[in-house]
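Undergrad: Can you read through this structure? Questions will come right after.
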Amino acid sequence: MTTETPGTTGHAESPAQRLSFPRLHARTQRFTLGAPRAFTVAPDGSRVVFLRSSSGTDRAGQLWVLDLADGAVERVAADPRVLLNGAAERLSAQERARRERSREGGAGIVGYATDAAVELAAFTFSGRLFAAELRAGTARELPTPGPVIDPRPSPDGRHIAYVAGGALRVTGADGEGDRALAAPEPDSAEKATVTYGLAEFIAAEEMGRSRGFWWSPASDRLLVARADDAPVRRWWIADPAHPESEPTRVSYPAAGTANADVRLFVVDLEGTRTEVTWDSARYPYLARVHWSSAGAPLLLVQSRDQLSQLYLAVNPDDGSTRMVHAEEDADETAWLELFPGAPSWSPSGKLVRIVDEGGARVLAVGERPLTGQQLHVRAVLDVADDDVLISASAGASAAAPETGEVHVYRVNELGVERVSAEPGVHSAVRAGGLTVLVSATLDQPGSRVRVLRDGKQVATVASHAQRPGLTPRVTLTEGGARKIPCAVLLPTDYDASSGVPLPVLMDPYGGPHGQRVLAAHNPYLTSQWFADQGFAVIVADGRGTPGRSPAWEKAVRRDFTLTLDDQVDALQDLAASFPLDLDRVAIRGWSYGGYLAALAVLRRPDVFHAGIAGAPVTDWRLYDTHYTERYLGDPGTDPAPYALNSLVTEEGLVAPENPSRPLMIVHGLADDNVVVAHALRLSSALLAAGRPHELLPLSGVTHMTPQEQVAENLLLLQADFLKRSLGLA
């Protein structure tokens, strides 16, 4: 399938749009500010709660309510500027780390939780605890003993639990009776290493589990995770630009080393604790926790090699567990994936899960799969009495490819019904007969938010996001014998009839959990800006990327170099259909994409003539356990995959007789996810091999680069490097 969108805007230019694209892109946090997000629907269908800032350049998120009972009126439930009377926001070190794990670049109110009736919301701002009455539209601060993390009301709305100082605490919704329910022992060794109620690094960064406590449906007790990172290796993150500052000590579980010790407790409102027991030696990863009125508390625990996992039901009275279901990778050639929204119980008490079965990724309720090869299930969005709401891509047996599309479906024993209509990327939240459908398409920027009742639109939620001022000229297609999903972008003013070949910029992520080829407008804005610098830009999602099939994702087991092979195959195949100058090919990427860019320049200099490696993983022994061991295994027992996929060993560097290609390495010195040691080790290896390169350190920058000036100038420097390297300057 090939789909092309022309470059049109259709709107008058705003003052902000007169800024350069790099400045506007940075100032608007990649055009995300002002867009509504984080939707919650009241179970009676009367209101929708969400976050949104006041404009496309305002970083301060506000808490909003769409009141459907009053004719779909939007009103602010909490404004951070009013709550602090204009004072500057201050974040604790733990809150900064939490936001880094969730890739949260906004400010103000960036998250909230509600009671079961969606009448009370709790949130933290500047380390302080606030509660908002959503019907009345009032908000107030509650007193706490220290900086607050992750406040969550009890389902009945009478209490709010939160984390402060490594302890799980609870207070009345009126601010009375604040007390610690679970805390490290004072004046003990565990005081420095133990937290209650927080997700440990590996859960938040790699498992998609961002929380560490869960209320019971009856509001009388909680499940609380205790994480002790004493076994974890200590690393130091220094700021060389400020030698007067002490390095920051972090606990980093690198591949093959110890993880944090994670235990789980049932804790009542008096602080009485009962430990939940399972074979944690065999299944050390607490991957998912679900507690609803439909059944007993439900756990998903994984083995360290991620080849087996158990679904466990918890008896909250004595902490014992019973196995509900077990899964194993019988061939021991891949891994068991984790999914958003699963597992859970259906209202009738059946286990809802996503599983790889028969070559497809399917939704199963009880022991019965409800979908087949026609869909590739991505997430469970909601479970109701008569159906399950999911997001999914077209599967292997789909009638036609839907390159880059993700849709919302209703699934039950009678069949599958698609909720979203137009080609695009869709997601949804549902409750009380209402569905909030969020849709991004190629033909317009940002996302549209529609509120549906019985399939009919009853309201919309406005976006205040800044319009980008450019529209991607993108063609969605497939490349190579493996039909690799691709997006091709040409300069806005390029005359296709001229046939003049263009220098090529490959712009991938290209690795696990990172789909870049999407049928949506905003993911291609930066790629189009690079195209307008005079390049044909190609985004290719080869093996290892999500959204196609389990076999596609799991093909990279033990061998990441396959992701490079697919970039080459896509490039060479697309040259037959697009004006590509294969004598001038560059590649850029960040994180895994940075690894892929460096790999391309070093392993295939015959194809790639320049590369920009941003925050690259260069030595997989330095990356974390849950991610790296999933794909490459244990470096202690099988070091071969680590050598094969390394950029800093002799196997990683091409022979000196091969041509050296220009390589720019960019890395934030404050990065605690992919630490700067990766870039420094690559630079040292290149220097030892006599291979020229450029190294750009970013002082004070983490893995996200949220700073406006840094983000703006980084784009400009990359464009300059590419033009110089390919002879365009």
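Every chain in the structure tokens takes a letter, A first, then B, and so on in the order presented; its residues are numbered from 1, and the ligands are numbered from 1 following the presented order.
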Find the residues around Gly589 of chain A up to 12 Å (only C-alpha atoms counted), leave out those fewer than 4 positions away in its own chain, and share them as a count of residues only.

TA: 37

Undergrad: Hey, what's within 9 Å of Ser348 of chain A if we count only C-alpha atoms and toss same-chain stuff fewer than 6 positions away? As a ChimeraX atom specification, please?

TA: /A:294-295,385

Undergrad: Please save all heavy atoms of the selected residues as a PDB file, in the first residue's frame.

TA:
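part-v1.pdb, written as the output of this step:
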```pdb
ATOM      1  N   ALA A 294     -13.870  -7.510  40.585  1.00  0.00           N
ATOM      2  CA  ALA A 294     -14.220  -8.708  39.818  1.00  0.00           C
ATOM      3  C   ALA A 294     -13.513  -9.958  40.304  1.00  0.00           C
ATOM      4  O   ALA A 294     -13.850 -11.061  39.866  1.00  0.00           O
ATOM      5  CB  ALA A 294     -13.910  -8.482  38.341  1.00  0.00           C
ATOM      6  N   GLY A 295     -12.520  -9.805  41.195  1.00  0.00           N
ATOM      7  CA  GLY A 295     -11.814 -10.991  41.655  1.00  0.00           C
ATOM      8  C   GLY A 295     -10.730 -10.653  42.653  1.00  0.00           C
ATOM      9  O   GLY A 295     -10.570  -9.498  43.069  1.00  0.00           O
ATOM     10  N   ASP A 385     -18.964  -5.752  30.845  1.00  0.00           N
ATOM     11  CA  ASP A 385     -19.757  -6.968  30.998  1.00  0.00           C
ATOM     12  C   ASP A 385     -19.880  -7.732  29.685  1.00  0.00           C
ATOM     13  O   ASP A 385     -19.840  -8.967  29.671  1.00  0.00           O
ATOM     14  CB  ASP A 385     -21.158  -6.620  31.506  1.00  0.00           C
ATOM     15  CG  ASP A 385     -21.139  -6.144  32.957  1.00  0.00           C
ATOM     16  OD1 ASP A 385     -20.281  -6.631  33.718  1.00  0.00           O
ATOM     17  OD2 ASP A 385     -21.968  -5.292  33.309  1.00  0.00           O
TER      18      ASP A 385
END
```

Undergrad: Residues near segment 158-160 of chain A, anyone? I mean within 9 Å using only C-alpha atoms, not counting same-chain ones fewer than 6 positions away, as a list in words.

TA: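 With the cut-off at 9 Å, the set is Asp115, Ala122, Ala131, Pro151, Arg152, Arg169, Val170, Thr171, Gly172, Ala173, Asp174, Gly175 and Ser219 of chain A.
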
Undergrad: Residues of the last selection are to be written out with N, CA and C atoms, as a PDB file, in the first residue's frame.

TA:
```pdb
ATOM      1  N   ASP A 115     -10.957   8.883  42.676  1.00  0.00           N
ATOM      2  CA  ASP A 115     -11.686   7.821  43.356  1.00  0.00           C
ATOM      3  C   ASP A 115     -12.541   7.075  42.340  1.00  0.00           C
ATOM      4  N   ALA A 122      -6.724  13.586  43.142  1.00  0.00           N
ATOM      5  CA  ALA A 122      -5.535  13.941  43.921  1.00  0.00           C
ATOM      6  C   ALA A 122      -4.367  14.076  42.964  1.00  0.00           C
ATOM      7  N   ALA A 131      -5.998  18.169  46.595  1.00  0.00           N
ATOM      8  CA  ALA A 131      -7.206  17.408  46.296  1.00  0.00           C
ATOM      9  C   ALA A 131      -8.191  18.344  45.615  1.00  0.00           C
ATOM     10  N   PRO A 151       0.154  10.540  44.510  1.00  0.00           N
ATOM     11  CA  PRO A 151      -1.013  10.431  45.389  1.00  0.00           C
ATOM     12  C   PRO A 151      -2.190   9.769  44.669  1.00  0.00           C
ATOM     13  N   ARG A 152      -2.926   8.908  45.393  1.00  0.00           N
ATOM     14  CA  ARG A 152      -4.059   8.189  44.805  1.00  0.00           C
ATOM     15  C   ARG A 152      -5.178   8.068  45.839  1.00  0.00           C
ATOM     16  N   ARG A 169       2.265   6.639  52.850  1.00  0.00           N
ATOM     17  CA  ARG A 169       1.483   7.330  53.863  1.00  0.00           C
ATOM     18  C   ARG A 169       0.035   7.428  53.401  1.00  0.00           C
ATOM     19  N   VAL A 170      -0.847   7.699  54.341  1.00  0.00           N
ATOM     20  CA  VAL A 170      -2.256   7.893  54.022  1.00  0.00           C
ATOM     21  C   VAL A 170      -2.768   9.067  54.857  1.00  0.00           C
ATOM     22  N   THR A 171      -3.651   9.838  54.258  1.00  0.00           N
ATOM     23  CA  THR A 171      -4.285  10.946  54.966  1.00  0.00           C
ATOM     24  C   THR A 171      -5.759  10.947  54.604  1.00  0.00           C
ATOM     25  N   GLY A 172      -6.571  11.553  55.458  1.00  0.00           N
ATOM     26  CA  GLY A 172      -7.974  11.712  55.122  1.00  0.00           C
ATOM     27  C   GLY A 172      -8.139  12.678  53.961  1.00  0.00           C
ATOM     28  N   ALA A 173      -9.197  12.519  53.215  1.00  0.00           N
ATOM     29  CA  ALA A 173      -9.441  13.439  52.109  1.00  0.00           C
ATOM     30  C   ALA A 173      -9.642  14.863  52.597  1.00  0.00           C
ATOM     31  N   ASP A 174      -9.931  15.016  53.895  1.00  0.00           N
ATOM     32  CA  ASP A 174     -10.046  16.343  54.491  1.00  0.00           C
ATOM     33  C   ASP A 174      -8.720  16.842  55.045  1.00  0.00           C
ATOM     34  N   GLY A 175      -7.641  16.041  54.877  1.00  0.00           N
ATOM     35  CA  GLY A 175      -6.328  16.455  55.363  1.00  0.00           C
ATOM     36  C   GLY A 175      -6.037  16.048  56.786  1.00  0.00           C
ATOM     37  N   SER A 219     -11.521  -0.203  49.801  1.00  0.00           N
ATOM     38  CA  SER A 219     -10.823   0.955  50.394  1.00  0.00           C
ATOM     39  C   SER A 219     -10.311   0.704  51.799  1.00  0.00           C
TER      40      SER A 219
END
```

Undergrad: Using DSSP assignments from the backbone, pull out every residue in segment 163-257 of chain A that falls under strand (DSSP E or B) and give it to me as a PyMOL selection string.

TA: chain A and resi 163-164+167-172+179-182+194-196+213-215+221-228+234-237+248-251+254

Undergrad: Which residues come within 8 Å of Trp236 of chain A, counting only C-alpha atoms, excluding same-chain residues fewer than 4 positions away, as a ChimeraX atom specification?

TA: /A:247-250

Undergrad: Could you state the separation of atom CA of Ser303 of chain A and atom CA of Thr195 of chain A in Å, given to one decimal place?

TA: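 One can read the atom CA of Ser303 of chain A to atom CA of Thr195 of chain A distance as 22.6 Å.
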
Undergrad: Which residues are close to Ala719 of chain A, i.e. within 12 Å by only C-alpha atoms, leaving aside same-chain residues fewer than 6 positions away? Reply as a PDB file with C-alpha atoms, in the first residue's frame.

TA:
```pdb
ATOM      1  CA  PRO A  22      13.608  24.161  15.478  1.00  0.00           C
ATOM      2  CA  LEU A 505      18.720  10.622   5.283  1.00  0.00           C
ATOM      3  CA  THR A 526      11.174  16.679  12.346  1.00  0.00           C
ATOM      4  CA  SER A 527      11.713  14.317   9.430  1.00  0.00           C
ATOM      5  CA  TRP A 529      12.138  19.640   8.422  1.00  0.00           C
ATOM      6  CA  PHE A 530      15.215  17.610   7.524  1.00  0.00           C
ATOM      7  CA  ALA A 531      13.670  16.839   4.133  1.00  0.00           C
ATOM      8  CA  ASP A 532      13.257  20.558   3.549  1.00  0.00           C
ATOM      9  CA  GLN A 533      16.999  20.947   4.094  1.00  0.00           C
ATOM     10  CA  GLY A 534      17.395  19.081   0.783  1.00  0.00           C
ATOM     11  CA  PHE A 535      17.093  15.383   1.686  1.00  0.00           C
ATOM     12  CA  ALA A 586      23.324   9.478   5.938  1.00  0.00           C
ATOM     13  CA  ILE A 587      21.571   8.106   9.002  1.00  0.00           C
ATOM     14  CA  ARG A 588      20.548   9.701  12.311  1.00  0.00           C
ATOM     15  CA  ALA A 610      27.699   9.752   7.470  1.00  0.00           C
ATOM     16  CA  GLY A 611      25.890   9.179  10.738  1.00  0.00           C
ATOM     17  CA  ILE A 612      24.618  10.970  13.848  1.00  0.00           C
ATOM     18  CA  MET A 664      28.831  12.666  15.198  1.00  0.00           C
ATOM     19  CA  GLU A 712      16.670  23.845  19.050  1.00  0.00           C
ATOM     20  CA  ASN A 713      20.390  24.073  18.425  1.00  0.00           C
ATOM     21  CA  SER A 725      29.469  15.382   5.482  1.00  0.00           C
ATOM     22  CA  LEU A 726      27.556  14.797   2.253  1.00  0.00           C
ATOM     23  CA  LEU A 728      25.905  19.933   0.475  1.00  0.00           C
ATOM     24  CA  ALA A 729      27.277  22.849   2.470  1.00  0.00           C
TER      25      ALA A 729
END
```
